[in-house]
$ cat protein_25.tsv   # TSV, C-alpha atoms and all ligand atoms
chain	number	residue	atom	x	y	z
A	205	MET	CA	0.00	0.00	0.00
A	206	LYS	CA	1.25	3.48	-0.82
A	207	GLU	CA	1.32	6.41	1.58
A	208	ILE	CA	-1.09	8.79	-0.12
A	209	ARG	CA	0.21	12.04	1.42
A	210	ALA	CA	3.64	11.38	-0.08
A	211	LEU	CA	2.35	11.29	-3.68
A	212	TYR	CA	2.99	14.09	-6.18
A	213	PRO	CA	-0.12	15.50	-7.94
A	214	ALA	CA	0.76	13.67	-11.18
A	215	GLU	CA	1.19	10.38	-9.33
A	216	LEU	CA	-2.09	10.84	-7.52
A	217	LYS	CA	-3.84	11.57	-10.80
A	218	GLU	CA	-2.46	8.42	-12.34
A	219	GLU	CA	-3.57	6.35	-9.36
A	220	LEU	CA	-7.09	7.76	-9.41
A	221	VAL	CA	-7.49	7.27	-13.14
A	222	GLN	CA	-6.46	3.66	-12.63
A	223	LEU	CA	-9.22	3.39	-10.05
A	224	GLY	CA	-11.66	4.56	-12.73
A	225	GLU	CA	-12.00	8.11	-11.38
A	226	LYS	CA	-11.99	11.40	-13.26
A	227	PRO	CA	-8.52	13.08	-13.23
A	228	TYR	CA	-9.84	16.26	-11.55
A	229	ARG	CA	-10.60	14.25	-8.40
A	230	ALA	CA	-6.85	14.08	-7.80
A	231	ALA	CA	-6.64	17.85	-7.25
A	232	GLN	CA	-9.46	17.63	-4.74
A	233	VAL	CA	-7.75	14.81	-2.80
A	234	PHE	CA	-4.38	16.60	-2.99
A	235	ARG	CA	-5.85	19.70	-1.39
A	236	TRP	CA	-7.34	17.65	1.45
A	237	LEU	CA	-3.95	16.11	2.10
A	238	GLN	CA	-1.65	19.05	1.51
A	239	GLN	CA	-3.65	22.11	2.53
A	240	ARG	CA	-6.10	20.82	5.09
A	241	ASN	CA	-4.03	18.05	6.67
A	242	ALA	CA	-6.88	15.51	6.49
A	243	LYS	CA	-6.16	12.78	8.99
A	244	SER	CA	-8.64	10.28	7.58
A	245	PHE	CA	-10.43	9.65	4.31
A	246	ASP	CA	-13.76	10.16	6.08
A	247	GLU	CA	-12.93	13.84	6.48
A	248	MET	CA	-12.97	14.25	2.70
A	249	THR	CA	-16.68	14.92	2.69
A	250	ASP	CA	-16.90	16.31	-0.83
A	251	LEU	CA	-15.82	12.93	-2.20
A	252	SER	CA	-18.39	10.21	-2.70
A	253	LEU	CA	-18.55	7.47	-0.11
A	254	ALA	CA	-17.62	4.98	-2.82
A	255	LEU	CA	-14.44	6.88	-3.67
A	256	ARG	CA	-13.49	7.21	-0.03
A	257	GLU	CA	-13.87	3.44	0.37
A	258	LYS	CA	-11.70	2.88	-2.70
A	259	LEU	CA	-9.02	5.18	-1.29
A	260	LYS	CA	-9.13	3.39	2.07
A	261	ALA	CA	-8.60	0.08	0.34
A	262	GLN	CA	-5.67	1.34	-1.76
A	263	PHE	CA	-3.69	3.76	0.39
A	264	PHE	CA	-2.27	4.43	3.79
A	265	LEU	CA	-3.11	7.70	5.45
A	266	LYS	CA	-1.00	7.43	8.58
A	267	SER	CA	-1.17	10.16	11.09
A	268	ALA	CA	1.22	11.49	13.65
A	269	ALA	CA	0.18	13.32	16.80
A	270	VAL	CA	1.61	15.85	19.18
A	271	GLU	CA	2.73	13.90	22.24
A	272	LYS	CA	4.07	16.81	24.25
A	273	VAL	CA	4.55	20.57	23.89
A	274	LEU	CA	6.86	22.70	25.98
A	275	LYS	CA	6.28	26.43	25.73
A	276	SER	CA	9.09	28.82	26.51
A	277	ALA	CA	8.14	31.51	28.98
A	278	VAL	CA	10.90	33.79	27.72
A	279	ASP	CA	10.82	33.86	23.91
A	280	GLY	CA	7.58	32.28	22.65
A	281	SER	CA	9.31	29.25	21.15
A	282	ARG	CA	7.68	25.85	21.51
A	283	LYS	CA	9.31	22.48	21.55
A	284	TYR	CA	7.27	19.57	20.21
A	285	LEU	CA	7.52	15.87	20.68
A	286	PHE	CA	5.65	14.07	17.90
A	287	ARG	CA	4.50	10.48	18.14
A	288	LEU	CA	4.65	8.84	14.72
A	289	HIS	CA	2.19	6.15	13.60
A	290	ASP	CA	4.49	3.35	14.82
A	291	GLY	CA	5.12	4.92	18.21
A	292	GLU	CA	8.53	6.41	17.35
A	293	LEU	CA	9.17	9.89	18.73
A	294	VAL	CA	10.78	12.87	16.98
A	295	GLU	CA	11.19	16.51	17.91
A	296	GLY	CA	10.35	19.81	16.28
A	297	VAL	CA	10.69	23.43	17.36
A	298	PHE	CA	8.52	26.44	16.60
A	299	MET	CA	10.35	29.75	16.64
A	300	PRO	CA	8.60	33.10	16.23
A	301	TYR	CA	10.86	35.66	14.55
A	302	HIS	CA	10.09	39.20	13.48
A	303	HIS	CA	10.47	38.14	9.82
A	304	GLY	CA	8.01	35.24	10.22
A	305	ASN	CA	7.51	31.96	12.02
A	306	SER	CA	10.00	29.16	11.59
A	307	VAL	CA	9.69	25.50	12.31
A	308	CYS	CA	12.62	23.17	12.71
A	309	ILE	CA	11.66	19.59	11.87
A	310	SER	CA	13.24	16.14	12.06
A	311	THR	CA	13.99	14.03	9.00
A	312	GLN	CA	15.00	10.76	10.68
A	313	VAL	CA	14.26	8.97	13.93
A	314	GLY	CA	17.68	9.27	15.55
A	315	CYS	CA	20.75	9.78	13.41
A	316	ARG	CA	23.82	7.78	12.49
A	317	MET	CA	26.22	10.68	12.03
A	318	GLY	CA	27.47	10.59	15.62
A	319	CYS	CA	28.24	14.30	16.17
A	320	ALA	CA	29.76	14.64	19.62
A	321	PHE	CA	27.59	17.56	20.74
A	322	CYS	CA	24.26	16.02	19.73
A	323	ALA	CA	21.79	14.07	21.85
A	324	SER	CA	19.83	12.80	18.82
A	325	THR	CA	22.55	10.45	17.73
A	326	ILE	CA	23.15	8.72	21.06
A	327	GLY	CA	20.91	5.75	20.14
A	328	GLY	CA	21.94	5.71	16.46
A	329	LEU	CA	19.52	5.74	13.53
A	330	ALA	CA	16.16	4.01	14.01
A	331	ARG	CA	14.56	4.83	10.64
A	332	ASN	CA	13.94	7.43	7.98
A	333	LEU	CA	10.90	9.67	8.03
A	334	SER	CA	8.70	9.65	4.96
A	335	ALA	CA	7.89	12.88	3.11
A	336	ALA	CA	4.36	12.63	4.52
A	337	GLU	CA	5.66	12.47	8.08
A	338	MET	CA	7.76	15.60	7.55
A	339	LEU	CA	4.72	17.41	6.16
A	340	GLU	CA	2.74	16.36	9.18
A	341	GLU	CA	5.30	17.88	11.53
A	342	VAL	CA	4.70	21.24	9.84
A	343	PHE	CA	0.92	20.87	9.85
A	344	LEU	CA	0.78	19.73	13.47
A	345	VAL	CA	2.81	22.72	14.62
A	346	GLU	CA	0.49	25.07	12.73
A	347	GLU	CA	-2.59	23.39	14.18
A	348	GLU	CA	-1.33	23.36	17.75
A	349	SER	CA	0.13	26.87	17.76
A	350	GLY	CA	-2.55	28.48	15.61
A	351	GLU	CA	0.30	30.23	13.78
A	352	ARG	CA	1.19	30.17	10.10
A	353	ILE	CA	4.66	28.87	9.30
A	354	SER	CA	6.69	30.76	6.71
A	355	ASN	CA	10.12	29.15	7.10
A	356	ILE	CA	11.17	25.55	7.48
A	357	VAL	CA	14.52	24.40	8.75
A	358	LEU	CA	15.56	20.77	8.29
A	359	MET	CA	17.75	20.72	11.35
A	360	GLY	CA	15.98	18.48	13.85
A	361	SER	CA	17.05	14.90	14.41
A	362	GLY	CA	18.55	13.24	11.35
A	363	GLU	CA	20.90	14.03	8.50
A	364	PRO	CA	18.57	15.17	5.66
A	365	LEU	CA	20.95	14.07	2.91
A	366	ASP	CA	21.08	10.59	4.45
A	367	ASN	CA	17.33	10.40	3.69
A	368	TYR	CA	17.71	12.11	0.34
A	369	ASP	CA	14.72	10.91	-1.69
A	370	ASN	CA	12.15	11.47	1.04
A	371	VAL	CA	13.56	14.90	1.88
A	372	VAL	CA	13.51	16.09	-1.74
A	373	ARG	CA	9.99	14.71	-2.11
A	374	PHE	CA	8.97	16.63	1.01
A	375	ILE	CA	10.45	19.86	-0.37
A	376	ARG	CA	8.66	19.43	-3.69
A	377	LEU	CA	5.35	18.70	-1.95
A	378	VAL	CA	5.47	21.51	0.58
A	379	THR	CA	6.35	23.99	-2.17
A	380	ASP	CA	3.67	22.75	-4.58
A	381	PRO	CA	1.39	25.66	-5.54
A	382	GLU	CA	-1.66	23.40	-5.16
A	383	GLY	CA	-0.53	22.33	-1.71
A	384	ARG	CA	1.09	24.26	1.10
A	385	ASP	CA	2.75	26.54	-1.48
A	386	LEU	CA	5.77	27.53	0.56
A	387	SER	CA	8.68	29.14	-1.22
A	388	ALA	CA	11.72	26.86	-1.59
A	389	ARG	CA	13.78	29.91	-0.67
A	390	SER	CA	12.31	29.83	2.78
A	391	ILE	CA	13.54	26.29	3.39
A	392	THR	CA	16.96	25.63	4.89
A	393	LEU	CA	18.52	22.20	4.66
A	394	SER	CA	21.23	21.64	7.21
A	395	THR	CA	23.81	18.94	6.56
A	396	SER	CA	26.77	17.56	8.45
A	397	GLY	CA	28.55	17.54	5.07
A	398	LEU	CA	27.87	14.71	2.62
A	399	PRO	CA	29.42	15.91	-0.67
A	400	GLU	CA	27.53	13.51	-2.98
A	401	GLY	CA	24.22	14.64	-1.51
A	402	ILE	CA	25.15	18.33	-1.79
A	403	LEU	CA	26.10	17.92	-5.46
A	404	ARG	CA	22.92	15.98	-6.18
A	405	LEU	CA	20.79	18.63	-4.48
A	406	ALA	CA	22.48	21.32	-6.57
A	407	GLU	CA	20.97	19.67	-9.66
A	408	GLU	CA	17.38	19.50	-8.37
A	409	GLY	CA	16.43	23.02	-9.40
A	410	LEU	CA	15.26	23.73	-5.85
A	411	PRO	CA	16.58	27.05	-4.50
A	412	VAL	CA	16.71	25.93	-0.89
A	413	THR	CA	19.34	27.39	1.43
A	414	LEU	CA	22.10	24.94	2.20
A	415	ALA	CA	23.56	25.12	5.69
A	416	LEU	CA	26.77	23.23	6.34
A	417	SER	CA	27.57	22.23	9.90
A	418	LEU	CA	31.21	23.21	9.96
A	419	HIS	CA	31.98	23.53	13.69
A	420	ALA	CA	35.75	23.54	13.14
A	421	SER	CA	38.10	25.11	10.67
A	422	ASP	CA	40.45	22.18	10.20
A	423	ASP	CA	40.02	18.48	9.57
A	424	GLU	CA	41.65	17.31	12.80
A	425	ARG	CA	39.35	19.31	15.08
A	426	ARG	CA	36.35	18.55	12.94
A	427	LYS	CA	37.01	14.81	13.11
A	428	LYS	CA	36.86	15.00	16.90
A	429	LEU	CA	33.43	16.62	16.83
A	430	MET	CA	31.97	14.97	13.73
A	431	PRO	CA	32.87	11.42	12.71
A	432	VAL	CA	31.57	12.18	9.19
A	433	ALA	CA	34.71	14.31	8.73
A	434	ARG	CA	36.79	11.12	8.76
A	435	ARG	CA	35.11	10.12	5.51
A	436	TYR	CA	35.01	13.50	3.80
A	437	PRO	CA	37.82	16.04	4.19
A	438	LEU	CA	36.84	19.69	4.43
A	439	SER	CA	38.33	20.44	1.01
A	440	GLU	CA	35.85	18.04	-0.62
A	441	VAL	CA	32.86	19.29	1.37
A	442	LEU	CA	33.65	22.97	0.74
A	443	SER	CA	34.17	22.34	-2.94
A	444	ALA	CA	30.69	20.74	-3.08
A	445	CYS	CA	29.30	23.84	-1.31
A	446	ASP	CA	30.98	26.09	-3.88
A	447	THR	CA	29.33	24.08	-6.65
A	448	TYR	CA	26.02	24.41	-4.84
A	449	PHE	CA	26.37	28.18	-4.82
A	450	LYS	CA	27.38	28.27	-8.51
A	451	LYS	CA	24.44	26.12	-9.59
A	452	THR	CA	21.73	27.63	-7.41
A	453	GLY	CA	22.94	31.18	-6.76
A	454	ARG	CA	22.09	30.58	-3.10
A	455	ARG	CA	24.62	31.75	-0.56
A	456	VAL	CA	25.68	28.87	1.68
A	457	SER	CA	25.31	29.19	5.41
A	458	TYR	CA	28.12	27.81	7.56
A	459	GLU	CA	27.03	26.70	11.00
A	460	TYR	CA	29.56	26.83	13.79
A	461	ALA	CA	28.53	25.49	17.20
A	462	VAL	CA	30.74	27.31	19.64
A	463	VAL	CA	31.96	25.21	22.56
A	464	ARG	CA	33.85	26.81	25.41
A	465	GLY	CA	37.54	25.90	25.36
A	466	GLU	CA	37.07	23.71	22.27
A	467	ASN	CA	36.69	25.97	19.28
A	468	ASP	CA	36.00	29.45	20.61
A	469	GLY	CA	39.52	30.93	20.54
A	470	SER	CA	40.76	33.78	18.36
A	471	ALA	CA	43.15	31.45	16.53
A	472	GLN	CA	40.18	29.36	15.43
A	473	ALA	CA	38.27	32.45	14.38
A	474	GLU	CA	41.24	33.53	12.23
A	475	ALA	CA	41.48	30.03	10.76
A	476	LEU	CA	37.77	30.03	9.98
A	477	ALA	CA	38.05	33.42	8.29
A	478	ALA	CA	40.93	32.11	6.18
A	479	LEU	CA	39.02	28.96	5.27
A	480	LEU	CA	36.00	30.90	4.01
A	481	HIS	CA	37.96	33.73	2.44
A	482	GLY	CA	36.56	34.75	-0.95
A	483	LYS	CA	33.34	32.74	-0.58
A	484	GLN	CA	29.78	34.05	-0.61
A	485	ALA	CA	29.41	32.82	2.93
A	486	HIS	CA	27.27	33.50	5.91
A	487	VAL	CA	28.48	32.16	9.26
A	488	ASN	CA	26.00	31.33	11.97
A	489	LEU	CA	27.63	31.15	15.37
A	490	ILE	CA	25.62	28.90	17.65
A	491	PRO	CA	26.45	28.95	21.35
A	492	VAL	CA	26.15	25.26	22.18
A	493	ASN	CA	23.44	24.16	24.59
A	494	PRO	CA	24.90	21.88	27.25
A	495	VAL	CA	23.76	18.26	26.74
A	496	LYS	CA	23.33	15.92	29.70
A	497	GLY	CA	26.02	13.24	29.51
A	498	ARG	CA	28.23	15.30	27.21
A	499	ASN	CA	31.06	17.48	28.35
A	500	PHE	CA	30.28	20.77	26.63
A	501	GLU	CA	29.89	24.20	28.00
A	502	LYS	CA	28.42	27.37	26.56
A	503	PRO	CA	31.04	29.94	25.51
A	504	GLU	CA	31.43	33.22	27.40
A	505	ALA	CA	29.47	36.04	25.75
A	506	ALA	CA	32.68	38.08	25.38
A	507	ALA	CA	34.49	35.22	23.62
A	508	LEU	CA	31.57	34.82	21.26
A	509	LEU	CA	31.53	38.50	20.37
A	510	ALA	CA	35.30	38.55	19.86
A	511	PHE	CA	34.98	35.53	17.56
A	512	GLN	CA	32.29	37.25	15.50
A	513	LYS	CA	34.34	40.45	15.30
A	514	ILE	CA	37.30	38.63	13.77
A	515	LEU	CA	35.09	37.13	11.05
A	516	VAL	CA	33.36	40.42	10.26
A	517	LYS	CA	36.69	42.24	10.12
A	518	SER	CA	37.83	39.71	7.52
A	519	GLY	CA	34.81	40.55	5.40
A	520	ILE	CA	32.74	37.50	6.38
A	521	ASN	CA	29.14	37.97	7.22
A	522	ALA	CA	28.63	36.43	10.66
A	523	THR	CA	25.74	36.40	13.10
A	524	ILE	CA	25.29	34.94	16.55
A	525	ARG	CA	22.19	32.81	16.68
A	526	ARG	CA	19.84	33.85	19.40
A	527	SER	CA	19.61	30.83	21.65
A	528	MET	CA	15.91	29.95	21.77
A	529	GLY	CA	14.06	27.80	24.21
A	530	ALA	CA	16.89	27.62	26.73
A	531	ASP	CA	14.24	27.04	29.40
A	532	ILE	CA	12.59	24.19	27.46
A	533	GLU	CA	15.28	21.64	26.62
A	534	GLY	CA	16.52	23.67	23.67
A	535	ALA	CA	19.20	21.35	22.29
A	536	CYS	CA	18.38	18.85	19.62
A	537	GLY	CA	17.28	15.48	20.99
A	538	GLN	CA	17.12	16.46	24.66
A	539	LEU	CA	13.37	16.55	25.04
A	540	LYS	CA	13.02	13.07	23.59
A	541	ARG	CA	15.78	11.63	25.77
A	542	HIS	CA	14.28	13.04	28.95
A	543	TYR	CA	10.85	11.83	27.97
A	544	ILE	CA	12.10	8.31	27.32
A	545	GLU	CA	14.49	8.09	30.26
A	546	GLU	CA	12.30	9.68	32.88
A	547	GLY	CA	8.83	9.07	31.46
A	548	THR	CA	8.03	12.74	31.77
A	549	VAL	CA	9.43	16.20	31.15
B	601	LIG	S1	23.92	17.17	14.73
B	601	LIG	FE1	22.54	16.52	13.10
B	601	LIG	S2	23.85	15.23	11.78
B	601	LIG	FE2	24.94	15.43	13.73
B	601	LIG	S3	24.31	13.64	14.91
B	601	LIG	FE3	22.91	15.32	15.46
B	601	LIG	S4	21.15	15.06	14.13
B	601	LIG	FE4	22.85	13.88	13.24
$ encode --input "protein_25.tsv" --output "structure tokens" --more "lines below"
Ligand code: SF4
Amino acid sequence: MKEIRALYPAELKEELVQLGEKPYRAAQVFRWLQQRNAKSFDEMTDLSLALREKLKAQFFLKSAAVEKVLKSAVDGSRKYLFRLHDGELVEGVFMPYHHGNSVCISTQVGCRMGCAFCASTIGGLARNLSAAEMLEEVFLVEEESGERISNIVLMGSGEPLDNYDNVVRFIRLVTDPEGRDLSARSITLSTSGLPEGILRLAEEGLPVTLALSLHASDDERRKKLMPVARRYPLSEVLSACDTYFKKTGRRVSYEYAVVRGENDGSAQAEALAALLHGKQAHVNLIPVNPVKGRNFEKPEAAALLAFQKILVKSGINATIRRSMGADIEGACGQLKRHYIEEGTV
């Protein structure tokens, strides 16, 4: 059985014609799935009962639910724990910004990339999310918060390029003019740095923003924080990012999680500036959120500012990400771990 919410309009049309239905029915079903987040075929009341029965017999319409919401008292962000149809849990975050509301969603249950600062990878990868499940994360946040989402960040649990086909399908569906109609430019895909995936994405004709998790300016340091760096040297990853920029015209964002005493010194800032010299780059400095069981501390505010200053002085656009949801288990994977380990949050 196919998952109906993951079908493109043309695929849905083909399926319905094969069921003996008129092609225009597909647009009607697509809208129910992609604009109104129908959770069952019975909700599709403008379809005949006979068609609804046919759909039930042919397709899955799985639905996820919000298991838990934590609302920040300080900045309006909300952290979500979603329960997927098979009981697996993933996280999402809603962030209100002055330029619009953003949602950060997960693309896999767990992750196999093993980044040292990340709680999502502690149990490894359980499974990929389907495109439909990613869409549901967005819809569920909109339903629960009552807010319209204008930006999506693929930066929750999972490495998006390790679930390439489903992620690209999700992007095409959520940007479909007959569906949720979001602009691809308002989607950011964050990767730990898989060059083949970056080069493939560059050819998709999707102007999404690519964000590379850099976190160190040399291979040796990067390998300590991100095992993926043992497979792909920085030179290869950065060259793929350059190609991405050339093909899409989209400036690449370089994410740098700043850890006190690890990578927050002026020497590292100089090295980072040298590494990105001459690129159309934007650096996002992310003060790391301490993770239970991991030995990382937030950098001093002064060290962070000094780091940013060095980059800006070298002509590199750099911003310090406002740390959101610090009072609600802000770091990736923490809410889920607490929920599982302690049965509550
Ligand atoms: S930071 Fe991202 S890529 Fe790295 S382990 Fe965590 S979820 Fe995976």
$ residues_near_ligand --input "protein_25.tsv" --ligand "ligand LIG 601 (chain B)" --cutoff "6 Å" --atoms "only C-alpha atoms and all ligand atoms" --output "ChimeraX atom specification"
/A:315,317-319,322,324-325,361-363,396
$ residues_around --input "protein_25.tsv" --residues "Ala406 (chain A)" --least-positions-apart "2" --cutoff "8 Å" --atoms "only C-alpha atoms" --output "NGL selection string"
:A and (402-404 or 408-410 or 447-448 or 451-452)
$ residues_around --input "protein_25.tsv" --residues "Val233 (chain A)" --least-positions-apart "6" --cutoff "10 Å" --atoms "all atoms listed in the file" --output "list of chain:residue names"
A:Ile208, A:Arg209, A:Pro213, A:Leu216, A:Lys217, A:Leu220, A:Gln239, A:Ala242, A:Phe245, A:Met248, A:Asp250, A:Leu251, A:Arg256, A:Leu259
$ write_last_selection --input "protein_25.tsv" --atoms "C-alpha atoms" --output "PDB file, keeping the file's coordinate frame"
ATOM      1  CA  ILE A 208      -1.090   8.790  -0.120  1.00  0.00           C
ATOM      2  CA  ARG A 209       0.210  12.040   1.420  1.00  0.00           C
ATOM      3  CA  PRO A 213      -0.120  15.500  -7.940  1.00  0.00           C
ATOM      4  CA  LEU A 216      -2.090  10.840  -7.520  1.00  0.00           C
ATOM      5  CA  LYS A 217      -3.840  11.570 -10.800  1.00  0.00           C
ATOM      6  CA  LEU A 220      -7.090   7.760  -9.410  1.00  0.00           C
ATOM      7  CA  GLN A 239      -3.650  22.110   2.530  1.00  0.00           C
ATOM      8  CA  ALA A 242      -6.880  15.510   6.490  1.00  0.00           C
ATOM      9  CA  PHE A 245     -10.430   9.650   4.310  1.00  0.00           C
ATOM     10  CA  MET A 248     -12.970  14.250   2.700  1.00  0.00           C
ATOM     11  CA  ASP A 250     -16.900  16.310  -0.830  1.00  0.00           C
ATOM     12  CA  LEU A 251     -15.820  12.930  -2.200  1.00  0.00           C
ATOM     13  CA  ARG A 256     -13.490   7.210  -0.030  1.00  0.00           C
ATOM     14  CA  LEU A 259      -9.020   5.180  -1.290  1.00  0.00           C
TER      15      LEU A 259
END
$ residues_around --input "protein_25.tsv" --residues "Arg526 (chain A)" --least-positions-apart "3" --cutoff "10 Å" --atoms "all atoms listed in the file" --output "JSON, numbers by chain"
{"A": [488, 489, 490, 491, 523, 529]}
$ closest_residue --input "protein_25.tsv" --among "A:Ala261, A:Val297, A:Ala323, A:Leu398" --to "Asp366 (chain A)" --atoms "all atoms listed in the file"
A:Leu398
$ axis_aligned_box --input "protein_25.tsv" --around "region 216-227 of chain A" --padding-each-side "5 Å" --output "JSON"
{"center_x": -7.0, "center_y": 8.2, "center_z": -10.4, "size_x": 19.9, "size_y": 19.7, "size_z": 15.7}
$ closest_residue --input "protein_25.tsv" --among "A:Ile524, A:Ala214, A:Val371, A:Leu377" --to "Arg229 (chain A)" --atoms "all atoms listed in the file"
A:Ala214
$ closest_atom_pairs --input "protein_25.tsv" --of "region 366-435 of chain A" --to "region 337-341 of chain A" --cutoff "10 Å" --atoms "only C-alpha atoms" --output "CSV"
residue,atom,partner,partner_atom,distance
A:Asn370,CA,A:Met338,CA,8.9
A:Val371,CA,A:Met338,CA,8.1
A:Arg373,CA,A:Met338,CA,10.0
A:Phe374,CA,A:Leu339,CA,6.7
A:Ile375,CA,A:Leu339,CA,9.0
A:Leu377,CA,A:Leu339,CA,8.2
A:Val378,CA,A:Leu339,CA,7.0
A:Arg384,CA,A:Leu339,CA,9.3
$ write_last_selection --input "protein_25.tsv" --atoms "C-alpha atoms" --output "PDB file, in the frame of the given file"
ATOM      1  CA  ASN A 370      12.150  11.470   1.040  1.00  0.00           C
ATOM      2  CA  VAL A 371      13.560  14.900   1.880  1.00  0.00           C
ATOM      3  CA  ARG A 373       9.990  14.710  -2.110  1.00  0.00           C
ATOM      4  CA  PHE A 374       8.970  16.630   1.010  1.00  0.00           C
ATOM      5  CA  ILE A 375      10.450  19.860  -0.370  1.00  0.00           C
ATOM      6  CA  LEU A 377       5.350  18.700  -1.950  1.00  0.00           C
ATOM      7  CA  VAL A 378       5.470  21.510   0.580  1.00  0.00           C
ATOM      8  CA  ARG A 384       1.090  24.260   1.100  1.00  0.00           C
TER       9      ARG A 384
END
$ atom_distance --input "protein_25.tsv" --atom1 "CA of Glu466 (chain A)" --atom2 "CA of Asn499 (chain A)"
10.6 Å
$ closest_residue --input "protein_25.tsv" --among "A:Arg282, A:Ala268, A:Thr379, A:Gly397" --to "Arg434 (chain A)" --atoms "all atoms listed in the file"
A:Gly397
$ atom_distance --input "protein_25.tsv" --atom1 "CA of Phe263 (chain A)" --atom2 "CA of Gln238 (chain A)"
15.5 Å
$ atom_distance --input "protein_25.tsv" --atom1 "CA of Asp290 (chain A)" --atom2 "CA of Val345 (chain A)"
19.4 Å
$ closest_residue --input "protein_25.tsv" --among "A:Ile309, A:Val456, A:Ala473, A:Ala505" --to "Lys517 (chain A)" --atoms "only C-alpha atoms"
A:Ala473
$ residues_around --input "protein_25.tsv" --residues "Ile520 (chain A)" --least-positions-apart "4" --cutoff "7 Å" --atoms "all atoms listed in the file" --output "mmCIF file with C-alpha atoms, keeping the file's coordinate frame"
data_model
loop_
_atom_site.group_PDB
_atom_site.id
_atom_site.type_symbol
_atom_site.label_atom_id
_atom_site.label_comp_id
_atom_site.auth_asym_id
_atom_site.auth_seq_id
_atom_site.Cartn_x
_atom_site.Cartn_y
_atom_site.Cartn_z
ATOM 1 C CA ALA A 477 38.050 33.420 8.290
ATOM 2 C CA ALA A 485 29.410 32.820 2.930
ATOM 3 C CA HIS A 486 27.270 33.500 5.910
ATOM 4 C CA LEU A 515 35.090 37.130 11.050
ATOM 5 C CA VAL A 516 33.360 40.420 10.260
#
$ build_atoms --input "protein_25.tsv" --residues "region 280-291 of chain A" --atoms "N, CA and C atoms" --output "PDB file, in the frame of the given file"
ATOM      1  N   GLY A 280       8.703  32.696  23.499  1.00  0.00           N
ATOM      2  CA  GLY A 280       7.580  32.280  22.650  1.00  0.00           C
ATOM      3  C   GLY A 280       7.843  31.044  21.810  1.00  0.00           C
ATOM      4  N   SER A 281       9.046  30.468  21.936  1.00  0.00           N
ATOM      5  CA  SER A 281       9.310  29.250  21.150  1.00  0.00           C
ATOM      6  C   SER A 281       8.593  28.069  21.802  1.00  0.00           C
ATOM      7  N   ARG A 282       8.352  27.051  21.006  1.00  0.00           N
ATOM      8  CA  ARG A 282       7.680  25.850  21.510  1.00  0.00           C
ATOM      9  C   ARG A 282       8.430  24.636  21.033  1.00  0.00           C
ATOM     10  N   LYS A 283       8.620  23.711  21.929  1.00  0.00           N
ATOM     11  CA  LYS A 283       9.310  22.480  21.550  1.00  0.00           C
ATOM     12  C   LYS A 283       8.261  21.368  21.494  1.00  0.00           C
ATOM     13  N   TYR A 284       8.273  20.618  20.401  1.00  0.00           N
ATOM     14  CA  TYR A 284       7.270  19.570  20.210  1.00  0.00           C
ATOM     15  C   TYR A 284       7.902  18.194  20.232  1.00  0.00           C
ATOM     16  N   LEU A 285       7.170  17.272  20.811  1.00  0.00           N
ATOM     17  CA  LEU A 285       7.520  15.870  20.680  1.00  0.00           C
ATOM     18  C   LEU A 285       6.366  15.236  19.905  1.00  0.00           C
ATOM     19  N   PHE A 286       6.683  14.694  18.727  1.00  0.00           N
ATOM     20  CA  PHE A 286       5.650  14.070  17.900  1.00  0.00           C
ATOM     21  C   PHE A 286       5.710  12.560  18.059  1.00  0.00           C
ATOM     22  N   ARG A 287       4.539  11.938  18.149  1.00  0.00           N
ATOM     23  CA  ARG A 287       4.500  10.480  18.140  1.00  0.00           C
ATOM     24  C   ARG A 287       4.086  10.046  16.732  1.00  0.00           C
ATOM     25  N   LEU A 288       4.946   9.290  16.069  1.00  0.00           N
ATOM     26  CA  LEU A 288       4.650   8.840  14.720  1.00  0.00           C
ATOM     27  C   LEU A 288       3.728   7.615  14.768  1.00  0.00           C
ATOM     28  N   HIS A 289       3.216   7.198  13.610  1.00  0.00           N
ATOM     29  CA  HIS A 289       2.190   6.150  13.600  1.00  0.00           C
ATOM     30  C   HIS A 289       2.653   4.852  14.249  1.00  0.00           C
ATOM     31  N   ASP A 290       3.977   4.599  14.235  1.00  0.00           N
ATOM     32  CA  ASP A 290       4.490   3.350  14.820  1.00  0.00           C
ATOM     33  C   ASP A 290       5.013   3.544  16.234  1.00  0.00           C
ATOM     34  N   GLY A 291       4.720   4.687  16.823  1.00  0.00           N
ATOM     35  CA  GLY A 291       5.120   4.920  18.210  1.00  0.00           C
ATOM     36  C   GLY A 291       6.474   5.598  18.357  1.00  0.00           C
TER      37      GLY A 291
END
